[in-house]
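First up is the structure itself, then whatever we jot down about it.
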Amino acid sequence: MRHGKYPFLVAFLAPPVALYGVYVVSPYLQAFYISLTRWSGFSGNVEFIGLANYRRLLEDDQFHTALVNNLILLACLPVITIIMGLFFASMLNIGGRRGRAGIRGVAGSAVYRVIYFFPQVLSVAIIGVLWLYLLAPGRGLVDRSLDGFWLGWLTPNEGWLGNPGTAFWWVLAAMVWMNVGFYIVLFSAGMQSIPRDVYEAALLDGASRFTTFWRITVPLLWDSVQVAWIYLAIIALDAFALVQIMLGNAGGPSRSGDVIGLNLYRTAFEAFNFGYASAMGVTLFFLTLIIAVLAMRATRRDRVEFS
Amino acid sequence: MSLPSDTSDLSRRGLLQRAAIAGLVVSPAGGLLAGCATAGGENEEAERGKKSAKNPLGVKEDAPLEVVIFNGGFTDKYATDIHEPLYEKAFPKAKIKHSKTEEIAKALQSRFVSGSPPDVVNNSGANQMDPGKLVSEGQLLDLTELFDAPSVDDPKVKVRDTLIPGTIESGAFDGKPYQLNYAFTVFGIWYSQSLFDKHSWEYPQTWDDMVALCKEIKKAGIAPWTYQGKHPRYMNWPLLSMATKQAGPDILVKLDNLEPGAWEQEAILEAATRLYELKKQGFILKGTEGMDHVQAQTAWTEGKAAFVPCGSWLENEQKDTTPEGFEMTVAPEPLLSNDSALPYEGIRATAGEPFLVPTKAKNAAGGLEYLRRMLSKEGASGFSEMVSSLTAVQGAADGLELSPGLSSAAGVLKAAGENVFNWMYPTWYKTMENPAIDAATGDLLANRIKPAEWVKRCEKAAKDIRDDDSVTKFKR
């Protein structure tokens, strides 16, 4: 079987590598080159201008607004989503204490599990439009509920999405809402594989729910948390679709809710400045790369093995 | 006996290394195969047929014609049911390939780059291709030949003379017409005549009267104004219209030519101040800033607000939410003072809904001919009837039974006579209007900035375009 091994392997590897090369690697490499040019995207007219696009990025106030917003998402989205995910998952799996023996979720956990997963089945566009309706000034669920509880004065006069102080935070809220369900499922799966006797031992020792959660659940789930962190960080660096739908193409009131992806889209497909847009794309690429590496490093811990 | 050899044995690590190398070798070749994104297309001379009285543009009779229509408020039914049959009747051997899209740039941009665009493009909607860029890249055909050709209905009259004045100029770049703006749009302030009759309110002709009326409207429990909150540029229209009526259309030429200080002209500042005060006086419907255009316009048709600024597509856009007997009416903007340069009837109106013929179209003559057929009486009145919009063809809507909004728009246009004006900078420099000035106007109307600051931001938006040498400049 030794000879013939190469042809066999090549026959299997070559097509995917070729496809990957043509459709992934080559556009990436071209983007690097395009970012050094001035190109409208309409013709073969390409002018090489070196690093001018990157110099312009340094002075572009709107790009800075977008960058800061992405960094805010990066700081908030993973933390909030993971904390909520862990909390709900532990309530669904080990939170119940009614029976003396046995470890189980709170009553009705099977129903909650389905409800939490709902947003995950919807596409981002639908979620954006849904929140648009929830937040519709005067007639949306949010305003109506606040009015119902005599809290209508909380709504800013311009409406939630028309006020630069509130608009972007609602995008964050929508992002948490749409993502948390998936991590509940991910963490639940992790919790299922934690041996029951560990919890039982803790119970016998009189550990409180919080202690069990903090001393047992979290350490034993650390691998899942690490994965969640990286996924959520990447999602936080994007956010294009939700911002576009909820706040509009210009980035919302006073353009305060802009994100890099939206800025890039406008530059490429509205201003038709593909060179400058590619420079933004390349910047975003490195940013994502750096953050993924940092997240891996920062969350590295010794793995606990049971068995 | 074979000796263990570590050169031919394929370890996992070695395999990965080789795969990586293979990837590097394959990808540049893959790039060549796929064609670089920046590679230009070939330039082929379009085929033409023989010119004759019936075929003044020399269309090759059996050449296929490809038409791409923007599927927006007008949908594409007017093309498939009216315009395309007209062309097919004239050239029975020609086959028409029709397609529609909501996103023109996404559908067609790559075809422009590769040099095989369709023959007629309805370049409209939010995802339209920047016409200024297309012109400066030499991608669009000069339409002079079309406008100088004899019209379909009367061969003695040129197409150019059948159009409402200002139509050709509205699609001109540096004096050359590159796009045909087909639908004619009247911009003004809209209200419900029946609501006004019920309260015996009268539409005000000066701003002082407007303020007085707004106070009354507010007393009646209705918000006087709303606007398309998330797209505040809709309010640029009354703003610039009021300024123009105060100081004359020359102020618009300065804006369009990006002259330094153009936005600092007194009339513009005054108009901005008046609109800024709407919020201060509590005349704007609560939550307006957070609404999109449909939400705001729907609040207006529900009677929650009395005035909304818009173009004459409003009636069509809101037809599902407009109650029976609403009597949608458009009126010119009130005058800022009594010594204004233009009379109250002065109005912003322009041809919109751009159609273009690409330079590299396979059947460019057919494309021009298609536009000529659209501009025939039959083509234009059919369009007006189907989508309730006026066209750029003079008198095409005469004798048609028009809806209330459209007939009020036609009336306003007639009353304005010569005093019709328009500005070009949003067409020439899309990004200057949106997002730059759009966002500034949003801040102005929400009272987040003062009018003087708004002027400064508009000046800066103009300066950014002026100083950006990647943008081709136009003059008028």
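Ligands are numbered from 1 in the order shown, chains are lettered A, B, ... in the order of the structure tokens, and residues start at 1 in each chain.
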
Could you give me, as JSON lines, a per-residue list for range 351-469 of chain B showing, wherever an atom lies at most 9 Å from an atom of range 166-189 of chain B, the closest pair of atoms and their distance in Å to one decimal, using only C-alpha atoms and sorting by chain then residue number from low to high?
```
{"residue": "B:Ala351", "atom": "CA", "partner": "B:Phe184", "partner_atom": "CA", "distance": 4.2}
{"residue": "B:Gly352", "atom": "CA", "partner": "B:Asn181", "partner_atom": "CA", "distance": 4.6}
{"residue": "B:Glu353", "atom": "CA", "partner": "B:Asn181", "partner_atom": "CA", "distance": 5.2}
{"residue": "B:Pro354", "atom": "CA", "partner": "B:Asn181", "partner_atom": "CA", "distance": 4.3}
{"residue": "B:Phe355", "atom": "CA", "partner": "B:Leu180", "partner_atom": "CA", "distance": 5.0}
{"residue": "B:Leu356", "atom": "CA", "partner": "B:Gln179", "partner_atom": "CA", "distance": 5.0}
{"residue": "B:Val357", "atom": "CA", "partner": "B:Gln179", "partner_atom": "CA", "distance": 7.8}
{"residue": "B:Leu371", "atom": "CA", "partner": "B:Leu180", "partner_atom": "CA", "distance": 8.1}
{"residue": "B:Met374", "atom": "CA", "partner": "B:Tyr182", "partner_atom": "CA", "distance": 8.5}
{"residue": "B:Leu375", "atom": "CA", "partner": "B:Tyr182", "partner_atom": "CA", "distance": 8.1}
{"residue": "B:Ala380", "atom": "CA", "partner": "B:Tyr182", "partner_atom": "CA", "distance": 8.8}
{"residue": "B:Phe383", "atom": "CA", "partner": "B:Ala183", "partner_atom": "CA", "distance": 8.8}
{"residue": "B:Ser384", "atom": "CA", "partner": "B:Ala183", "partner_atom": "CA", "distance": 8.6}
{"residue": "B:Ser389", "atom": "CA", "partner": "B:Ala183", "partner_atom": "CA", "distance": 6.5}
{"residue": "B:Leu390", "atom": "CA", "partner": "B:Phe184", "partner_atom": "CA", "distance": 5.0}
{"residue": "B:Thr391", "atom": "CA", "partner": "B:Ala183", "partner_atom": "CA", "distance": 4.2}
{"residue": "B:Ala392", "atom": "CA", "partner": "B:Phe184", "partner_atom": "CA", "distance": 5.2}
{"residue": "B:Val393", "atom": "CA", "partner": "B:Tyr182", "partner_atom": "CA", "distance": 8.1}
{"residue": "B:Ala409", "atom": "CA", "partner": "B:Val186", "partner_atom": "CA", "distance": 6.2}
{"residue": "B:Ala410", "atom": "CA", "partner": "B:Val186", "partner_atom": "CA", "distance": 8.2}
{"residue": "B:Val412", "atom": "CA", "partner": "B:Val186", "partner_atom": "CA", "distance": 8.1}
{"residue": "B:Leu413", "atom": "CA", "partner": "B:Val186", "partner_atom": "CA", "distance": 7.1}
{"residue": "B:Val420", "atom": "CA", "partner": "B:Gly166", "partner_atom": "CA", "distance": 8.6}
{"residue": "B:Phe421", "atom": "CA", "partner": "B:Gly166", "partner_atom": "CA", "distance": 8.5}
{"residue": "B:Asn422", "atom": "CA", "partner": "B:Ser170", "partner_atom": "CA", "distance": 8.2}
{"residue": "B:Trp423", "atom": "CA", "partner": "B:Ser170", "partner_atom": "CA", "distance": 8.6}
{"residue": "B:Met424", "atom": "CA", "partner": "B:Ser170", "partner_atom": "CA", "distance": 7.4}
{"residue": "B:Thr427", "atom": "CA", "partner": "B:Gly171", "partner_atom": "CA", "distance": 8.8}
{"residue": "B:Trp428", "atom": "CA", "partner": "B:Phe173", "partner_atom": "CA", "distance": 7.9}
```

How about saving the chosen residues, C-alpha atoms kept, as a tab-separated table (two decimals), in the first residue's frame?
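Saved file out.tsv follows:
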```tsv
chain	number	residue	atom	x	y	z
B	351	ALA	CA	-37.11	64.54	-12.60
B	352	GLY	CA	-36.03	61.46	-10.66
B	353	GLU	CA	-35.93	57.69	-11.15
B	354	PRO	CA	-32.74	57.56	-13.23
B	355	PHE	CA	-32.31	55.38	-16.29
B	356	LEU	CA	-28.97	54.94	-17.98
B	357	VAL	CA	-27.32	53.18	-20.88
B	371	LEU	CA	-35.73	55.10	-23.49
B	374	MET	CA	-40.58	55.20	-22.64
B	375	LEU	CA	-40.78	58.92	-23.44
B	380	ALA	CA	-45.52	57.99	-20.17
B	383	PHE	CA	-46.64	54.83	-16.35
B	384	SER	CA	-48.50	57.69	-14.66
B	389	SER	CA	-46.44	59.39	-10.52
B	390	LEU	CA	-45.94	62.24	-12.95
B	391	THR	CA	-43.36	61.77	-15.70
B	392	ALA	CA	-40.90	64.11	-17.33
B	393	VAL	CA	-43.02	64.11	-20.50
B	409	ALA	CA	-48.86	67.80	-6.99
B	410	ALA	CA	-49.75	68.46	-10.63
B	412	VAL	CA	-48.69	72.88	-7.48
B	413	LEU	CA	-46.37	72.30	-10.39
B	420	VAL	CA	-39.29	75.53	-10.29
B	421	PHE	CA	-35.88	74.86	-8.82
B	422	ASN	CA	-33.69	71.98	-7.74
B	423	TRP	CA	-30.21	71.32	-6.42
B	424	MET	CA	-27.69	68.76	-7.59
B	427	THR	CA	-26.71	63.42	-6.89
B	428	TRP	CA	-23.17	64.53	-7.63
```

**Request:** Among the residues of range 135-217 of chain A, find those DSSP assigns to alpha helix (DSSP H) from the backbone and print them as a VMD selection string.
**Result:** chain A and resid 141 to 148 167 to 192 196 to 204 209 to 212

Please save N, CA and C atoms of the selected residues as a tab-separated table (two decimals), in the first residue's frame.
```
chain	number	residue	atom	x	y	z
A	141	LEU	N	-43.62	47.68	22.18
A	141	LEU	CA	-43.84	46.97	23.45
A	141	LEU	C	-43.12	47.66	24.60
A	142	VAL	N	-41.90	48.13	24.33
A	142	VAL	CA	-41.11	48.75	25.40
A	142	VAL	C	-41.81	49.98	25.94
A	143	ASP	N	-42.20	50.89	25.03
A	143	ASP	CA	-42.85	52.12	25.48
A	143	ASP	C	-44.19	51.84	26.13
A	144	ARG	N	-44.93	50.90	25.54
A	144	ARG	CA	-46.25	50.58	26.11
A	144	ARG	C	-46.12	50.00	27.51
A	145	SER	N	-45.14	49.10	27.69
A	145	SER	CA	-44.97	48.48	29.01
A	145	SER	C	-44.56	49.54	30.02
A	146	LEU	N	-43.63	50.40	29.63
A	146	LEU	CA	-43.20	51.44	30.56
A	146	LEU	C	-44.38	52.33	30.94
A	147	ASP	N	-45.20	52.68	29.94
A	147	ASP	CA	-46.38	53.49	30.23
A	147	ASP	C	-47.28	52.76	31.21
A	148	GLY	N	-47.44	51.45	30.99
A	148	GLY	CA	-48.31	50.64	31.84
A	148	GLY	C	-47.87	50.66	33.29
A	167	ALA	N	-29.33	54.80	22.07
A	167	ALA	CA	-29.51	53.95	20.88
A	167	ALA	C	-28.57	52.75	20.86
A	168	PHE	N	-27.28	53.01	21.08
A	168	PHE	CA	-26.32	51.93	20.92
A	168	PHE	C	-26.49	50.85	21.98
A	169	TRP	N	-26.92	51.24	23.19
A	169	TRP	CA	-27.08	50.24	24.25
A	169	TRP	C	-28.20	49.26	23.94
A	170	TRP	N	-29.19	49.74	23.17
A	170	TRP	CA	-30.25	48.81	22.78
A	170	TRP	C	-29.74	47.80	21.78
A	171	VAL	N	-28.77	48.20	20.96
A	171	VAL	CA	-28.16	47.23	20.05
A	171	VAL	C	-27.43	46.17	20.86
A	172	LEU	N	-26.73	46.61	21.90
A	172	LEU	CA	-26.05	45.65	22.78
A	172	LEU	C	-27.07	44.70	23.41
A	173	ALA	N	-28.19	45.27	23.86
A	173	ALA	CA	-29.22	44.43	24.49
A	173	ALA	C	-29.72	43.38	23.50
A	174	ALA	N	-29.97	43.82	22.26
A	174	ALA	CA	-30.46	42.87	21.25
A	174	ALA	C	-29.41	41.79	20.99
A	175	MET	N	-28.13	42.18	20.99
A	175	MET	CA	-27.09	41.19	20.72
A	175	MET	C	-27.00	40.16	21.84
A	176	VAL	N	-27.13	40.63	23.08
A	176	VAL	CA	-27.11	39.68	24.20
A	176	VAL	C	-28.30	38.73	24.07
A	177	TRP	N	-29.46	39.31	23.80
A	177	TRP	CA	-30.69	38.52	23.70
A	177	TRP	C	-30.56	37.43	22.65
A	178	MET	N	-29.96	37.79	21.50
A	178	MET	CA	-29.91	36.80	20.42
A	178	MET	C	-28.84	35.74	20.65
A	179	ASN	N	-27.84	36.05	21.47
A	179	ASN	CA	-26.74	35.10	21.62
A	179	ASN	C	-26.85	34.21	22.84
A	180	VAL	N	-27.54	34.70	23.87
A	180	VAL	CA	-27.45	34.00	25.14
A	180	VAL	C	-28.00	32.57	25.05
A	181	GLY	N	-29.02	32.37	24.23
A	181	GLY	CA	-29.62	31.04	24.12
A	181	GLY	C	-28.64	29.97	23.72
A	182	PHE	N	-27.79	30.29	22.77
A	182	PHE	CA	-26.83	29.30	22.30
A	182	PHE	C	-25.86	28.90	23.41
A	183	TYR	N	-25.43	29.89	24.20
A	183	TYR	CA	-24.45	29.57	25.24
A	183	TYR	C	-25.09	28.84	26.40
A	184	ILE	N	-26.39	29.06	26.60
A	184	ILE	CA	-27.08	28.26	27.61
A	184	ILE	C	-27.00	26.78	27.21
A	185	VAL	N	-27.24	26.51	25.93
A	185	VAL	CA	-27.19	25.13	25.45
A	185	VAL	C	-25.77	24.58	25.56
A	186	LEU	N	-24.80	25.42	25.16
A	186	LEU	CA	-23.40	24.97	25.22
A	186	LEU	C	-22.99	24.65	26.66
A	187	PHE	N	-23.32	25.56	27.58
A	187	PHE	CA	-22.93	25.34	28.98
A	187	PHE	C	-23.73	24.19	29.59
A	188	SER	N	-24.98	24.04	29.18
A	188	SER	CA	-25.77	22.92	29.69
A	188	SER	C	-25.12	21.60	29.33
A	189	ALA	N	-24.69	21.50	28.05
A	189	ALA	CA	-24.04	20.28	27.61
A	189	ALA	C	-22.81	20.00	28.47
A	190	GLY	N	-22.05	21.09	28.76
A	190	GLY	CA	-20.86	20.92	29.61
A	190	GLY	C	-21.24	20.44	30.99
A	191	MET	N	-22.31	21.00	31.54
A	191	MET	CA	-22.71	20.63	32.90
A	191	MET	C	-23.18	19.19	32.99
A	192	GLN	N	-23.81	18.71	31.90
A	192	GLN	CA	-24.27	17.32	31.90
A	192	GLN	C	-23.09	16.37	32.09
A	196	ARG	N	-22.13	13.71	38.70
A	196	ARG	CA	-23.10	14.11	39.73
A	196	ARG	C	-22.50	14.03	41.13
A	197	ASP	N	-21.64	13.02	41.32
A	197	ASP	CA	-21.17	12.80	42.69
A	197	ASP	C	-20.37	13.98	43.22
A	198	VAL	N	-19.76	14.74	42.30
A	198	VAL	CA	-19.03	15.93	42.76
A	198	VAL	C	-20.00	16.87	43.46
A	199	TYR	N	-21.17	17.07	42.82
A	199	TYR	CA	-22.16	17.96	43.42
A	199	TYR	C	-22.71	17.38	44.71
A	200	GLU	N	-22.95	16.08	44.66
A	200	GLU	CA	-23.52	15.45	45.85
A	200	GLU	C	-22.59	15.60	47.04
A	201	ALA	N	-21.31	15.43	46.76
A	201	ALA	CA	-20.34	15.59	47.84
A	201	ALA	C	-20.39	17.00	48.39
A	202	ALA	N	-20.48	17.97	47.47
A	202	ALA	CA	-20.53	19.36	47.91
A	202	ALA	C	-21.79	19.61	48.74
A	203	LEU	N	-22.91	19.00	48.28
A	203	LEU	CA	-24.16	19.15	49.01
A	203	LEU	C	-24.04	18.61	50.42
A	204	LEU	N	-23.42	17.44	50.53
A	204	LEU	CA	-23.26	16.80	51.84
A	204	LEU	C	-22.44	17.67	52.76
A	209	ARG	N	-25.62	27.22	47.12
A	209	ARG	CA	-25.73	27.19	45.66
A	209	ARG	C	-24.62	28.01	45.02
A	210	PHE	N	-24.35	29.18	45.60
A	210	PHE	CA	-23.36	30.05	45.01
A	210	PHE	C	-21.98	29.41	45.05
A	211	THR	N	-21.66	28.79	46.20
A	211	THR	CA	-20.36	28.15	46.32
A	211	THR	C	-20.23	27.01	45.33
A	212	THR	N	-21.29	26.21	45.21
A	212	THR	CA	-21.23	25.11	44.25
A	212	THR	C	-20.96	25.65	42.85
```

**Request:** Output as a PyMOL selection string the set of chain A residues within 8 Å of chain B, with distances taken over only C-alpha atoms.
**Result:** chain A and resi 13+17-18+21-22+25-27+30+38+40-46+136-138+156-163+247-248+250+252-255+269-272

How would the residues just picked look written out with C-alpha atoms as a short mmCIF file (atom, residue, chain, number, x, y, z; two decimals), in the first residue's frame?
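The file below, part-v4.cif, is the result:
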```cif
data_model
loop_
_atom_site.label_atom_id
_atom_site.label_comp_id
_atom_site.auth_asym_id
_atom_site.auth_seq_id
_atom_site.Cartn_x
_atom_site.Cartn_y
_atom_site.Cartn_z
CA LEU A 13 -6.71 17.22 -0.73
CA VAL A 17 -7.31 23.32 -1.14
CA ALA A 18 -7.94 24.74 -4.60
CA GLY A 21 -7.33 29.11 -2.37
CA VAL A 22 -9.59 30.61 -4.99
CA VAL A 25 -7.05 33.02 0.28
CA SER A 26 -7.01 34.88 -3.01
CA PRO A 27 -9.66 37.48 -2.06
CA GLN A 30 -6.24 40.86 -3.06
CA ARG A 38 -7.28 54.06 -4.93
CA SER A 40 -13.67 52.97 -7.28
CA GLY A 41 -14.74 49.38 -7.84
CA PHE A 42 -16.28 50.25 -11.21
CA SER A 43 -13.43 49.76 -13.65
CA GLY A 44 -9.90 48.55 -14.11
CA ASN A 45 -8.62 51.98 -13.08
CA VAL A 46 -6.40 51.20 -10.10
CA ALA A 136 -41.05 51.85 18.00
CA PRO A 137 -41.68 55.24 19.64
CA GLY A 138 -45.01 55.40 21.43
CA PRO A 156 -36.35 59.86 25.98
CA ASN A 157 -38.33 62.44 24.03
CA GLU A 158 -36.60 61.40 20.80
CA GLY A 159 -37.47 57.73 21.27
CA TRP A 160 -34.97 55.06 22.37
CA LEU A 161 -33.32 54.74 18.99
CA GLY A 162 -33.33 58.47 18.28
CA ASN A 163 -31.25 59.43 21.29
CA LEU A 247 -29.89 52.36 13.67
CA GLY A 248 -29.65 52.79 9.92
CA ALA A 250 -25.38 56.35 8.82
CA GLY A 252 -27.84 56.22 14.20
CA PRO A 253 -28.46 59.59 15.87
CA SER A 254 -25.40 61.86 15.65
CA ARG A 255 -23.78 58.82 13.98
CA PHE A 269 -20.79 50.39 -1.46
CA GLU A 270 -21.97 53.97 -1.01
CA ALA A 271 -18.86 56.10 -1.38
CA PHE A 272 -17.39 53.51 -3.78
#
```
